[in-house]
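Data block for data_2.pdb (PDB, C-alpha atoms):
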```pdb
ATOM      1  CA  MET A 240      98.971 106.830  81.062  1.00  0.00           C
ATOM      2  CA  ASN A 241      98.940 103.962  83.518  1.00  0.00           C
ATOM      3  CA  PHE A 242     100.520 100.600  82.753  1.00  0.00           C
ATOM      4  CA  ILE A 243      97.268  98.658  82.241  1.00  0.00           C
ATOM      5  CA  LYS A 244      95.942 101.200  79.762  1.00  0.00           C
ATOM      6  CA  PHE A 245      99.292 101.103  77.940  1.00  0.00           C
ATOM      7  CA  VAL A 246      99.169  97.296  77.698  1.00  0.00           C
ATOM      8  CA  LYS A 247      95.555  97.341  76.465  1.00  0.00           C
ATOM      9  CA  LEU A 248      96.402  99.872  73.748  1.00  0.00           C
ATOM     10  CA  ASN A 249      99.398  97.814  72.623  1.00  0.00           C
ATOM     11  CA  LEU A 250      97.393  94.589  72.571  1.00  0.00           C
ATOM     12  CA  GLN A 251      94.656  96.266  70.537  1.00  0.00           C
ATOM     13  CA  SER A 252      97.256  97.677  68.150  1.00  0.00           C
ATOM     14  CA  MET A 253      98.822  94.218  67.748  1.00  0.00           C
ATOM     15  CA  LYS A 254      95.400  92.664  67.132  1.00  0.00           C
ATOM     16  CA  ASN A 255      94.558  95.285  64.492  1.00  0.00           C
ATOM     17  CA  SER A 256      97.928  94.735  62.811  1.00  0.00           C
ATOM     18  CA  PHE A 257      97.406  90.984  62.779  1.00  0.00           C
ATOM     19  CA  MET A 258      93.942  91.379  61.251  1.00  0.00           C
ATOM     20  CA  ILE A 259      95.354  93.485  58.409  1.00  0.00           C
ATOM     21  CA  ALA A 260      98.033  90.861  57.764  1.00  0.00           C
ATOM     22  CA  LEU A 261      95.476  88.058  57.977  1.00  0.00           C
ATOM     23  CA  THR A 262      93.275  89.823  55.420  1.00  0.00           C
ATOM     24  CA  ILE A 263      96.176  90.089  52.957  1.00  0.00           C
ATOM     25  CA  VAL A 264      97.144  86.435  53.452  1.00  0.00           C
ATOM     26  CA  ALA A 265      93.485  85.364  53.151  1.00  0.00           C
ATOM     27  CA  ALA A 266      93.290  87.197  49.811  1.00  0.00           C
ATOM     28  CA  MET A 267      96.375  85.286  48.621  1.00  0.00           C
ATOM     29  CA  TRP A 268      94.743  82.004  49.636  1.00  0.00           C
ATOM     30  CA  MET A 269      91.383  82.892  48.055  1.00  0.00           C
ATOM     31  CA  VAL A 270      93.063  83.595  44.721  1.00  0.00           C
ATOM     32  CA  PHE A 271      95.069  80.363  44.997  1.00  0.00           C
ATOM     33  CA  ILE A 272      92.034  78.232  45.861  1.00  0.00           C
ATOM     34  CA  LEU A 273      89.923  79.847  43.146  1.00  0.00           C
ATOM     35  CA  ASN A 274      92.726  79.283  40.671  1.00  0.00           C
ATOM     36  CA  GLN A 275      92.957  75.608  41.644  1.00  0.00           C
ATOM     37  CA  LEU A 276      89.225  74.898  41.787  1.00  0.00           C
ATOM     38  CA  VAL A 277      88.041  76.813  38.760  1.00  0.00           C
ATOM     39  CA  GLY A 278      91.219  76.564  36.738  1.00  0.00           C
ATOM     40  CA  LEU A 279      91.199  80.162  35.550  1.00  0.00           C
ATOM     41  CA  ASP A 280      95.015  80.315  35.386  1.00  0.00           C
ATOM     42  CA  PHE A 281      95.388  83.626  37.176  1.00  0.00           C
ATOM     43  CA  ASN A 282      99.136  83.044  37.082  1.00  0.00           C
ATOM     44  CA  GLN A 283      99.153  84.483  33.563  1.00  0.00           C
ATOM     45  CA  PHE A 284      98.793  87.841  35.340  1.00  0.00           C
ATOM     46  CA  GLY A 285     102.297  87.563  36.818  1.00  0.00           C
ATOM     47  CA  ILE A 286     105.162  89.877  35.973  1.00  0.00           C
ATOM     48  CA  ILE A 287     106.484  89.294  32.475  1.00  0.00           C
ATOM     49  CA  PRO A 288     109.617  91.437  32.153  1.00  0.00           C
ATOM     50  CA  ARG A 289     109.648  94.061  29.438  1.00  0.00           C
ATOM     51  CA  GLN A 290     106.286  92.969  28.020  1.00  0.00           C
ATOM     52  CA  THR A 291     103.381  95.421  28.095  1.00  0.00           C
ATOM     53  CA  GLU A 292     100.972  92.704  29.288  1.00  0.00           C
ATOM     54  CA  GLY A 293     103.382  91.924  32.125  1.00  0.00           C
ATOM     55  CA  ILE A 294     103.087  95.345  33.768  1.00  0.00           C
ATOM     56  CA  LYS A 295      99.843  94.404  35.546  1.00  0.00           C
ATOM     57  CA  GLY A 296     101.793  91.649  37.271  1.00  0.00           C
ATOM     58  CA  ILE A 297     103.565  94.258  39.373  1.00  0.00           C
ATOM     59  CA  LEU A 298     100.373  94.534  41.450  1.00  0.00           C
ATOM     60  CA  PHE A 299      98.953  91.032  40.947  1.00  0.00           C
ATOM     61  CA  ALA A 300     102.052  88.837  41.350  1.00  0.00           C
ATOM     62  CA  PRO A 301     102.084  88.858  45.186  1.00  0.00           C
ATOM     63  CA  PHE A 302      98.645  87.201  45.174  1.00  0.00           C
ATOM     64  CA  LEU A 303      99.589  84.482  42.665  1.00  0.00           C
ATOM     65  CA  HIS A 304     101.275  81.203  43.579  1.00  0.00           C
ATOM     66  CA  GLY A 305     102.190  78.239  41.414  1.00  0.00           C
ATOM     67  CA  SER A 306     101.747  75.442  43.943  1.00  0.00           C
ATOM     68  CA  LEU A 307     100.593  74.584  47.424  1.00  0.00           C
ATOM     69  CA  ALA A 308     104.215  74.461  48.622  1.00  0.00           C
ATOM     70  CA  HIS A 309     104.786  77.921  47.100  1.00  0.00           C
ATOM     71  CA  ILE A 310     101.897  79.607  48.906  1.00  0.00           C
ATOM     72  CA  ILE A 311     102.629  77.788  52.174  1.00  0.00           C
ATOM     73  CA  SER A 312     106.243  78.992  52.083  1.00  0.00           C
ATOM     74  CA  ASN A 313     105.037  82.605  51.765  1.00  0.00           C
ATOM     75  CA  THR A 314     102.112  82.452  54.216  1.00  0.00           C
ATOM     76  CA  VAL A 315     103.846  82.529  57.606  1.00  0.00           C
ATOM     77  CA  PRO A 316     106.527  85.100  56.715  1.00  0.00           C
ATOM     78  CA  MET A 317     103.906  87.332  55.085  1.00  0.00           C
ATOM     79  CA  LEU A 318     101.653  87.039  58.119  1.00  0.00           C
ATOM     80  CA  VAL A 319     104.434  87.708  60.642  1.00  0.00           C
ATOM     81  CA  LEU A 320     106.244  90.477  58.778  1.00  0.00           C
ATOM     82  CA  THR A 321     103.098  92.353  57.762  1.00  0.00           C
ATOM     83  CA  THR A 322     101.844  92.181  61.353  1.00  0.00           C
ATOM     84  CA  VAL A 323     105.183  93.554  62.590  1.00  0.00           C
ATOM     85  CA  LEU A 324     105.174  96.295  59.945  1.00  0.00           C
ATOM     86  CA  PHE A 325     101.682  97.505  60.862  1.00  0.00           C
ATOM     87  CA  TRP A 326     102.309  97.162  64.596  1.00  0.00           C
ATOM     88  CA  PHE A 327     105.604  99.032  64.816  1.00  0.00           C
ATOM     89  CA  TYR A 328     105.351 101.339  61.788  1.00  0.00           C
ATOM     90  CA  ARG A 329     101.593 101.895  61.613  1.00  0.00           C
ATOM     91  CA  LYS A 330     101.702 105.463  60.264  1.00  0.00           C
ATOM     92  CA  ILE A 331     103.792 104.514  57.238  1.00  0.00           C
ATOM     93  CA  ALA A 332     102.937 100.800  56.900  1.00  0.00           C
ATOM     94  CA  ILE A 333     100.488 101.119  54.001  1.00  0.00           C
ATOM     95  CA  ARG A 334     102.915 103.291  52.052  1.00  0.00           C
ATOM     96  CA  ILE A 335     105.772 100.864  52.700  1.00  0.00           C
ATOM     97  CA  LEU A 336     103.677  97.876  51.624  1.00  0.00           C
ATOM     98  CA  ILE A 337     102.433  99.547  48.427  1.00  0.00           C
ATOM     99  CA  LEU A 338     105.711 101.217  47.482  1.00  0.00           C
ATOM    100  CA  SER A 339     107.775  98.084  48.099  1.00  0.00           C
ATOM    101  CA  THR A 340     105.370  96.055  45.950  1.00  0.00           C
ATOM    102  CA  ILE A 341     105.532  98.595  43.116  1.00  0.00           C
ATOM    103  CA  ALA A 342     109.280  99.249  43.351  1.00  0.00           C
ATOM    104  CA  GLY A 343     110.313  95.610  43.686  1.00  0.00           C
ATOM    105  CA  GLY A 344     107.882  94.440  41.010  1.00  0.00           C
ATOM    106  CA  GLY A 345     108.789  97.338  38.732  1.00  0.00           C
ATOM    107  CA  LEU A 346     112.477  96.465  38.940  1.00  0.00           C
ATOM    108  CA  VAL A 347     111.674  92.822  38.155  1.00  0.00           C
ATOM    109  CA  TRP A 348     109.679  94.010  35.140  1.00  0.00           C
ATOM    110  CA  ILE A 349     112.656  96.096  33.952  1.00  0.00           C
ATOM    111  CA  PHE A 350     115.573  93.783  34.797  1.00  0.00           C
ATOM    112  CA  GLY A 351     114.153  90.289  35.380  1.00  0.00           C
ATOM    113  CA  ARG A 352     114.832  87.348  33.105  1.00  0.00           C
ATOM    114  CA  SER A 353     112.112  86.377  30.648  1.00  0.00           C
ATOM    115  CA  ALA A 354     109.717  84.262  32.720  1.00  0.00           C
ATOM    116  CA  PHE A 355     106.473  84.549  34.682  1.00  0.00           C
ATOM    117  CA  HIS A 356     107.367  86.006  38.070  1.00  0.00           C
ATOM    118  CA  ILE A 357     104.699  85.250  40.685  1.00  0.00           C
ATOM    119  CA  GLY A 358     104.430  84.994  44.456  1.00  0.00           C
ATOM    120  CA  ALA A 359     104.555  87.121  47.576  1.00  0.00           C
ATOM    121  CA  SER A 360     108.217  86.438  48.302  1.00  0.00           C
ATOM    122  CA  GLY A 361     109.288  89.731  46.707  1.00  0.00           C
ATOM    123  CA  VAL A 362     107.135  91.549  49.261  1.00  0.00           C
ATOM    124  CA  VAL A 363     108.435  89.268  52.043  1.00  0.00           C
ATOM    125  CA  PHE A 364     112.012  90.162  51.110  1.00  0.00           C
ATOM    126  CA  ALA A 365     111.071  93.861  50.944  1.00  0.00           C
ATOM    127  CA  LEU A 366     109.647  93.689  54.467  1.00  0.00           C
ATOM    128  CA  VAL A 367     112.760  91.901  55.763  1.00  0.00           C
ATOM    129  CA  GLY A 368     114.953  94.554  54.133  1.00  0.00           C
ATOM    130  CA  PHE A 369     112.818  97.393  55.450  1.00  0.00           C
ATOM    131  CA  LEU A 370     112.535  96.128  59.027  1.00  0.00           C
ATOM    132  CA  ILE A 371     116.245  95.356  59.356  1.00  0.00           C
ATOM    133  CA  ALA A 372     117.442  98.539  57.630  1.00  0.00           C
ATOM    134  CA  SER A 373     115.012 100.711  59.606  1.00  0.00           C
ATOM    135  CA  GLY A 374     116.729  99.641  62.807  1.00  0.00           C
ATOM    136  CA  ILE A 375     120.065 100.692  61.371  1.00  0.00           C
ATOM    137  CA  PHE A 376     118.924 103.982  59.809  1.00  0.00           C
ATOM    138  CA  ARG A 377     116.680 105.137  62.657  1.00  0.00           C
ATOM    139  CA  ARG A 378     119.238 104.468  65.398  1.00  0.00           C
ATOM    140  CA  LYS A 379     116.529 104.096  68.017  1.00  0.00           C
ATOM    141  CA  ILE A 380     116.686 101.268  70.496  1.00  0.00           C
ATOM    142  CA  LYS A 381     113.191  99.918  69.753  1.00  0.00           C
ATOM    143  CA  ALA A 382     113.805  99.853  65.977  1.00  0.00           C
ATOM    144  CA  LEU A 383     117.254  98.329  66.467  1.00  0.00           C
ATOM    145  CA  LEU A 384     115.958  95.586  68.755  1.00  0.00           C
ATOM    146  CA  LEU A 385     113.210  94.807  66.267  1.00  0.00           C
ATOM    147  CA  ALA A 386     115.802  94.677  63.467  1.00  0.00           C
ATOM    148  CA  ILE A 387     117.875  92.185  65.466  1.00  0.00           C
ATOM    149  CA  VAL A 388     114.838  89.955  66.056  1.00  0.00           C
ATOM    150  CA  ILE A 389     113.872  90.077  62.367  1.00  0.00           C
ATOM    151  CA  PHE A 390     117.455  89.339  61.369  1.00  0.00           C
ATOM    152  CA  PHE A 391     117.562  86.255  63.592  1.00  0.00           C
ATOM    153  CA  LEU A 392     114.169  85.073  62.366  1.00  0.00           C
ATOM    154  CA  TYR A 393     114.535  85.853  58.670  1.00  0.00           C
ATOM    155  CA  GLY A 394     118.137  86.887  58.020  1.00  0.00           C
ATOM    156  CA  GLY A 395     118.839  83.547  56.362  1.00  0.00           C
ATOM    157  CA  VAL A 396     116.414  84.330  53.561  1.00  0.00           C
ATOM    158  CA  VAL A 397     118.991  86.730  52.169  1.00  0.00           C
ATOM    159  CA  TRP A 398     120.566  83.728  50.424  1.00  0.00           C
ATOM    160  CA  GLY A 399     117.403  83.708  48.289  1.00  0.00           C
ATOM    161  CA  ILE A 400     118.665  86.757  46.409  1.00  0.00           C
ATOM    162  CA  LEU A 401     121.150  84.497  44.645  1.00  0.00           C
ATOM    163  CA  PRO A 402     120.165  82.523  41.528  1.00  0.00           C
ATOM    164  CA  THR A 403     120.586  79.113  43.163  1.00  0.00           C
ATOM    165  CA  GLN A 404     117.209  77.449  42.563  1.00  0.00           C
ATOM    166  CA  PRO A 405     115.732  76.923  39.111  1.00  0.00           C
ATOM    167  CA  GLY A 406     112.167  78.170  38.805  1.00  0.00           C
ATOM    168  CA  VAL A 407     112.525  80.609  41.722  1.00  0.00           C
ATOM    169  CA  SER A 408     112.376  84.326  41.011  1.00  0.00           C
ATOM    170  CA  TRP A 409     115.576  85.362  42.731  1.00  0.00           C
ATOM    171  CA  GLU A 410     115.070  88.708  40.962  1.00  0.00           C
ATOM    172  CA  SER A 411     111.889  89.287  43.001  1.00  0.00           C
ATOM    173  CA  HIS A 412     113.835  88.469  46.144  1.00  0.00           C
ATOM    174  CA  LEU A 413     116.756  90.735  45.256  1.00  0.00           C
ATOM    175  CA  PHE A 414     114.719  93.723  44.085  1.00  0.00           C
ATOM    176  CA  GLY A 415     112.227  93.335  46.924  1.00  0.00           C
ATOM    177  CA  PHE A 416     115.047  93.319  49.482  1.00  0.00           C
ATOM    178  CA  LEU A 417     116.762  96.337  47.909  1.00  0.00           C
ATOM    179  CA  SER A 418     113.438  98.212  47.699  1.00  0.00           C
ATOM    180  CA  GLY A 419     112.872  97.597  51.399  1.00  0.00           C
ATOM    181  CA  ILE A 420     116.309  98.975  52.267  1.00  0.00           C
ATOM    182  CA  VAL A 421     115.819 102.078  50.096  1.00  0.00           C
ATOM    183  CA  LEU A 422     112.379 102.708  51.638  1.00  0.00           C
ATOM    184  CA  ALA A 423     113.858 102.332  55.135  1.00  0.00           C
ATOM    185  CA  TYR A 424     116.343 105.046  54.245  1.00  0.00           C
ATOM    186  CA  ILE A 425     113.727 107.327  52.668  1.00  0.00           C
ATOM    187  CA  PHE A 426     111.354 106.960  55.636  1.00  0.00           C
ATOM    188  CA  ARG A 427     114.068 106.936  58.336  1.00  0.00           C
ATOM    189  CA  SER A 428     112.837 110.175  59.876  1.00  0.00           C
ATOM    190  CA  SER A 429     109.100 109.495  59.596  1.00  0.00           C
ATOM    191  CA  ASN A 430     107.017 109.250  62.713  1.00  0.00           C
ATOM    192  CA  VAL A 431     105.763 105.744  63.266  1.00  0.00           C
TER     193      VAL A 431
END
```
Full structure transcribed into structure tokens:
Amino acid sequence: MNFIKFVKLNLQSMKNSFMIALTIVAAMWMVFILNQLVGLDFNQFGIIPRQTEGIKGILFAPFLHGSLAHIISNTVPMLVLTTVLFWFYRKIAIRILILSTIAGGGLVWIFGRSAFHIGASGVVFALVGFLIASGIFRRKIKALLLAIVIFFLYGGVVWGILPTQPGVSWESHLFGFLSGIVLAYIFRSSNV
């Protein structure tokens, strides 16, 4: 394969990955705007720990945000990290995204404090955990370099796993991050 063809394939792959991420983020924004304009209070579909009606929140919570500041704070990391996931780990990206959402949300449902847990930050933390841990577990230069970049860009978010801010679901952050690490270990030998 010549260099130009290689570059074109990589650019197309990056574009496709970005479009997937953009679609997910657009869905988050559509739900938020609809919630604000129509006032349907979709946020009632968040995770409510240990309540039967709160189970559905495991899947819905990443699309629900309580304020403009909340959704803005999740938009860029979600866009960047999902793009990176689908670009570098395209063969397992969908599984990682779905499993991290279910595992992180499921653990919040089991162990979280009694509250509505909403927002995409649990998935953001899962992607940070996965992308950093994959570099460590895979021991391949490309994965390790990517892990270093992600650590420098988003490593500071790890402080979000501590219960330091009232009204913030640190449980989503913690269990998302741990889910990402576990999935990185489970999928460490998978072709990407």
So which residues get picked by the PyMOL selection byres ((chain A and resi 326-336) around 8) here, written as a ChimeraX atom specification? /A:252-253,255-256,322-325,337-340,362,366,419,422,429-431
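Atom to atom, CA of Ser373 (chain A) and CA of Gly394 (chain A) stand 14.3 Å apart.
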Give the padded box for region 409-413 of chain A as lines of an AutoDock Vina configuration file: axis-aligned, covering all atoms listed in the file, 8 Å on each side, centre and edge lengths in Å to one decimal.
```
center_x = 114.3
center_y = 88.0
center_z = 43.6
size_x = 20.9
size_y = 21.4
size_z = 21.2
```
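Candidate residues A:Ile243, A:Trp398, A:Ile387, A:Arg377 were compared for distance to Ser428 (chain A), and the nearest is A:Arg377, using all atoms listed in the file.
For the choices A:Phe299, A:Trp268, A:Phe284, A:Phe364, the atom-to-atom distance to Phe416 (chain A) is smallest for A:Phe364 when using all atoms listed in the file.
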For the structure shown, which residues end up in the PyMOL selection byres ((chain A and resi 421) around 12)? Put them as a list in words, please? Ile335, Leu338, Ser339, Ala342, Gly343, Ala365, Leu366, Gly368, Phe369, Leu370, Ile371, Ala372, Ser373, Phe376, Phe414, Gly415, Phe416, Leu417, Ser418, Gly419, Ile420, Leu422, Ala423, Tyr424, Ile425, Phe426 and Arg427 of chain A
I'd like the interatomic distance between CA of Lys381 (chain A) and CA of Val315 (chain A), to a tenth of an Å. 23.2 Å
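If you look at CA of Thr291 (chain A) and CA of Gly345 (chain A), they are 12.1 Å away from each other.
Comparing the minimum interatomic distances between Ser360 (chain A) and each of A:Lys247, A:His304, A:Lys254, A:Arg289, counting all atoms listed in the file, we find that A:His304 sits nearest.
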Please write the residues picked by the PyMOL selection byres ((chain A and resi 392) around 12) on this file as a ChimeraX atom specification. /A:315-316,319-320,367,370-371,385-391,393-397
Convert the current residue selection to file output with C-alpha atoms, as a tab-separated table (two decimals), in the coordinates of the input.
```tsv
chain	number	residue	atom	x	y	z
A	315	VAL	CA	103.85	82.53	57.61
A	316	PRO	CA	106.53	85.10	56.72
A	319	VAL	CA	104.43	87.71	60.64
A	320	LEU	CA	106.24	90.48	58.78
A	367	VAL	CA	112.76	91.90	55.76
A	370	LEU	CA	112.54	96.13	59.03
A	371	ILE	CA	116.24	95.36	59.36
A	385	LEU	CA	113.21	94.81	66.27
A	386	ALA	CA	115.80	94.68	63.47
A	387	ILE	CA	117.88	92.18	65.47
A	388	VAL	CA	114.84	89.96	66.06
A	389	ILE	CA	113.87	90.08	62.37
A	390	PHE	CA	117.46	89.34	61.37
A	391	PHE	CA	117.56	86.26	63.59
A	393	TYR	CA	114.54	85.85	58.67
A	394	GLY	CA	118.14	86.89	58.02
A	395	GLY	CA	118.84	83.55	56.36
A	396	VAL	CA	116.41	84.33	53.56
A	397	VAL	CA	118.99	86.73	52.17
```
Selected residue, from A:Ala308, A:Ala382, A:Ile297, A:Ile287, that lies nearest to Gly351 (chain A) when counting only C-alpha atoms: A:Ile287
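Residues surrounding region 353-356 of chain A within 8 Å are A:Asn282, A:Gln283, A:Gly285, A:Ile286, A:Ile287, A:Pro288, A:Gly296, A:Ala300, A:Ser408, A:Ser411 [all atoms listed in the file; sequence separation below 5 positions excluded].
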Reconstruct N, CA and C atoms of region 271-307 of chain A; output as a PDB file, in the coordinates of the input.
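Result written to rebuild33.pdb:
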```pdb
ATOM      1  N   PHE A 271      94.473  81.676  45.257  1.00  0.00           N
ATOM      2  CA  PHE A 271      95.069  80.363  44.997  1.00  0.00           C
ATOM      3  C   PHE A 271      93.998  79.273  44.896  1.00  0.00           C
ATOM      4  N   ILE A 272      93.086  79.257  45.848  1.00  0.00           N
ATOM      5  CA  ILE A 272      92.034  78.232  45.861  1.00  0.00           C
ATOM      6  C   ILE A 272      91.130  78.380  44.633  1.00  0.00           C
ATOM      7  N   LEU A 273      90.747  79.605  44.330  1.00  0.00           N
ATOM      8  CA  LEU A 273      89.923  79.847  43.146  1.00  0.00           C
ATOM      9  C   LEU A 273      90.645  79.394  41.881  1.00  0.00           C
ATOM     10  N   ASN A 274      91.928  79.691  41.816  1.00  0.00           N
ATOM     11  CA  ASN A 274      92.726  79.283  40.671  1.00  0.00           C
ATOM     12  C   ASN A 274      92.773  77.763  40.533  1.00  0.00           C
ATOM     13  N   GLN A 275      92.884  77.067  41.660  1.00  0.00           N
ATOM     14  CA  GLN A 275      92.957  75.608  41.644  1.00  0.00           C
ATOM     15  C   GLN A 275      91.599  74.968  41.335  1.00  0.00           C
ATOM     16  N   LEU A 276      90.549  75.503  41.941  1.00  0.00           N
ATOM     17  CA  LEU A 276      89.225  74.898  41.787  1.00  0.00           C
ATOM     18  C   LEU A 276      88.592  75.181  40.437  1.00  0.00           C
ATOM     19  N   VAL A 277      88.704  76.403  39.995  1.00  0.00           N
ATOM     20  CA  VAL A 277      88.041  76.813  38.760  1.00  0.00           C
ATOM     21  C   VAL A 277      88.967  76.676  37.559  1.00  0.00           C
ATOM     22  N   GLY A 278      90.255  76.699  37.824  1.00  0.00           N
ATOM     23  CA  GLY A 278      91.219  76.564  36.738  1.00  0.00           C
ATOM     24  C   GLY A 278      91.274  77.761  35.813  1.00  0.00           C
ATOM     25  N   LEU A 279      91.195  78.954  36.367  1.00  0.00           N
ATOM     26  CA  LEU A 279      91.199  80.162  35.550  1.00  0.00           C
ATOM     27  C   LEU A 279      92.599  80.598  35.124  1.00  0.00           C
ATOM     28  N   ASP A 280      93.620  79.977  35.683  1.00  0.00           N
ATOM     29  CA  ASP A 280      95.015  80.315  35.386  1.00  0.00           C
ATOM     30  C   ASP A 280      95.291  81.804  35.594  1.00  0.00           C
ATOM     31  N   PHE A 281      95.064  82.246  36.817  1.00  0.00           N
ATOM     32  CA  PHE A 281      95.388  83.626  37.176  1.00  0.00           C
ATOM     33  C   PHE A 281      96.878  83.907  37.057  1.00  0.00           C
ATOM     34  N   ASN A 282      97.693  82.848  37.097  1.00  0.00           N
ATOM     35  CA  ASN A 282      99.136  83.044  37.082  1.00  0.00           C
ATOM     36  C   ASN A 282      99.631  83.715  35.801  1.00  0.00           C
ATOM     37  N   GLN A 283      98.795  83.753  34.777  1.00  0.00           N
ATOM     38  CA  GLN A 283      99.153  84.483  33.563  1.00  0.00           C
ATOM     39  C   GLN A 283      99.249  85.986  33.833  1.00  0.00           C
ATOM     40  N   PHE A 284      98.737  86.425  34.975  1.00  0.00           N
ATOM     41  CA  PHE A 284      98.793  87.841  35.340  1.00  0.00           C
ATOM     42  C   PHE A 284     100.030  88.174  36.163  1.00  0.00           C
ATOM     43  N   GLY A 285     101.030  87.295  36.136  1.00  0.00           N
ATOM     44  CA  GLY A 285     102.297  87.563  36.818  1.00  0.00           C
ATOM     45  C   GLY A 285     103.106  88.614  36.070  1.00  0.00           C
ATOM     46  N   ILE A 286     104.261  88.919  36.618  1.00  0.00           N
ATOM     47  CA  ILE A 286     105.162  89.877  35.973  1.00  0.00           C
ATOM     48  C   ILE A 286     105.861  89.175  34.817  1.00  0.00           C
ATOM     49  N   ILE A 287     105.748  89.768  33.649  1.00  0.00           N
ATOM     50  CA  ILE A 287     106.484  89.294  32.475  1.00  0.00           C
ATOM     51  C   ILE A 287     107.410  90.450  32.084  1.00  0.00           C
ATOM     52  N   PRO A 288     108.695  90.319  32.378  1.00  0.00           N
ATOM     53  CA  PRO A 288     109.617  91.437  32.153  1.00  0.00           C
ATOM     54  C   PRO A 288     109.594  91.975  30.724  1.00  0.00           C
ATOM     55  N   ARG A 289     109.571  93.290  30.676  1.00  0.00           N
ATOM     56  CA  ARG A 289     109.648  94.061  29.438  1.00  0.00           C
ATOM     57  C   ARG A 289     108.539  93.797  28.433  1.00  0.00           C
ATOM     58  N   GLN A 290     107.459  93.189  28.874  1.00  0.00           N
ATOM     59  CA  GLN A 290     106.286  92.969  28.020  1.00  0.00           C
ATOM     60  C   GLN A 290     105.148  93.846  28.558  1.00  0.00           C
ATOM     61  N   THR A 291     104.461  94.533  27.674  1.00  0.00           N
ATOM     62  CA  THR A 291     103.381  95.421  28.095  1.00  0.00           C
ATOM     63  C   THR A 291     102.353  94.679  28.939  1.00  0.00           C
ATOM     64  N   GLU A 292     101.978  93.457  28.526  1.00  0.00           N
ATOM     65  CA  GLU A 292     100.972  92.704  29.288  1.00  0.00           C
ATOM     66  C   GLU A 292     101.497  92.254  30.646  1.00  0.00           C
ATOM     67  N   GLY A 293     102.801  92.332  30.847  1.00  0.00           N
ATOM     68  CA  GLY A 293     103.382  91.924  32.125  1.00  0.00           C
ATOM     69  C   GLY A 293     103.407  93.003  33.184  1.00  0.00           C
ATOM     70  N   ILE A 294     103.070  94.233  32.812  1.00  0.00           N
ATOM     71  CA  ILE A 294     103.087  95.345  33.768  1.00  0.00           C
ATOM     72  C   ILE A 294     102.064  95.128  34.880  1.00  0.00           C
ATOM     73  N   LYS A 295     100.886  94.614  34.530  1.00  0.00           N
ATOM     74  CA  LYS A 295      99.843  94.404  35.546  1.00  0.00           C
ATOM     75  C   LYS A 295     100.310  93.447  36.639  1.00  0.00           C
ATOM     76  N   GLY A 296     101.262  92.591  36.306  1.00  0.00           N
ATOM     77  CA  GLY A 296     101.793  91.649  37.271  1.00  0.00           C
ATOM     78  C   GLY A 296     102.485  92.310  38.449  1.00  0.00           C
ATOM     79  N   ILE A 297     102.916  93.543  38.275  1.00  0.00           N
ATOM     80  CA  ILE A 297     103.565  94.258  39.373  1.00  0.00           C
ATOM     81  C   ILE A 297     102.637  94.296  40.583  1.00  0.00           C
ATOM     82  N   LEU A 298     101.346  94.504  40.348  1.00  0.00           N
ATOM     83  CA  LEU A 298     100.373  94.534  41.450  1.00  0.00           C
ATOM     84  C   LEU A 298      99.786  93.159  41.766  1.00  0.00           C
ATOM     85  N   PHE A 299      99.632  92.315  40.737  1.00  0.00           N
ATOM     86  CA  PHE A 299      98.953  91.032  40.947  1.00  0.00           C
ATOM     87  C   PHE A 299      99.867  89.908  41.423  1.00  0.00           C
ATOM     88  N   ALA A 300     101.134  89.948  41.063  1.00  0.00           N
ATOM     89  CA  ALA A 300     102.052  88.837  41.350  1.00  0.00           C
ATOM     90  C   ALA A 300     102.073  88.400  42.817  1.00  0.00           C
ATOM     91  N   PRO A 301     102.032  89.318  43.797  1.00  0.00           N
ATOM     92  CA  PRO A 301     102.084  88.858  45.186  1.00  0.00           C
ATOM     93  C   PRO A 301     100.899  87.976  45.598  1.00  0.00           C
ATOM     94  N   PHE A 302      99.823  88.004  44.839  1.00  0.00           N
ATOM     95  CA  PHE A 302      98.645  87.201  45.174  1.00  0.00           C
ATOM     96  C   PHE A 302      98.598  85.886  44.393  1.00  0.00           C
ATOM     97  N   LEU A 303      99.584  85.652  43.537  1.00  0.00           N
ATOM     98  CA  LEU A 303      99.589  84.482  42.665  1.00  0.00           C
ATOM     99  C   LEU A 303     100.678  83.505  43.094  1.00  0.00           C
ATOM    100  N   HIS A 304     100.321  82.234  43.170  1.00  0.00           N
ATOM    101  CA  HIS A 304     101.275  81.203  43.579  1.00  0.00           C
ATOM    102  C   HIS A 304     101.099  79.968  42.718  1.00  0.00           C
ATOM    103  N   GLY A 305     102.217  79.352  42.346  1.00  0.00           N
ATOM    104  CA  GLY A 305     102.190  78.239  41.414  1.00  0.00           C
ATOM    105  C   GLY A 305     101.859  76.884  42.009  1.00  0.00           C
ATOM    106  N   SER A 306     102.003  76.741  43.325  1.00  0.00           N
ATOM    107  CA  SER A 306     101.747  75.442  43.943  1.00  0.00           C
ATOM    108  C   SER A 306     101.390  75.627  45.410  1.00  0.00           C
ATOM    109  N   LEU A 307     100.910  74.555  45.995  1.00  0.00           N
ATOM    110  CA  LEU A 307     100.593  74.584  47.424  1.00  0.00           C
ATOM    111  C   LEU A 307     101.849  74.865  48.244  1.00  0.00           C
TER     112      LEU A 307
END
```
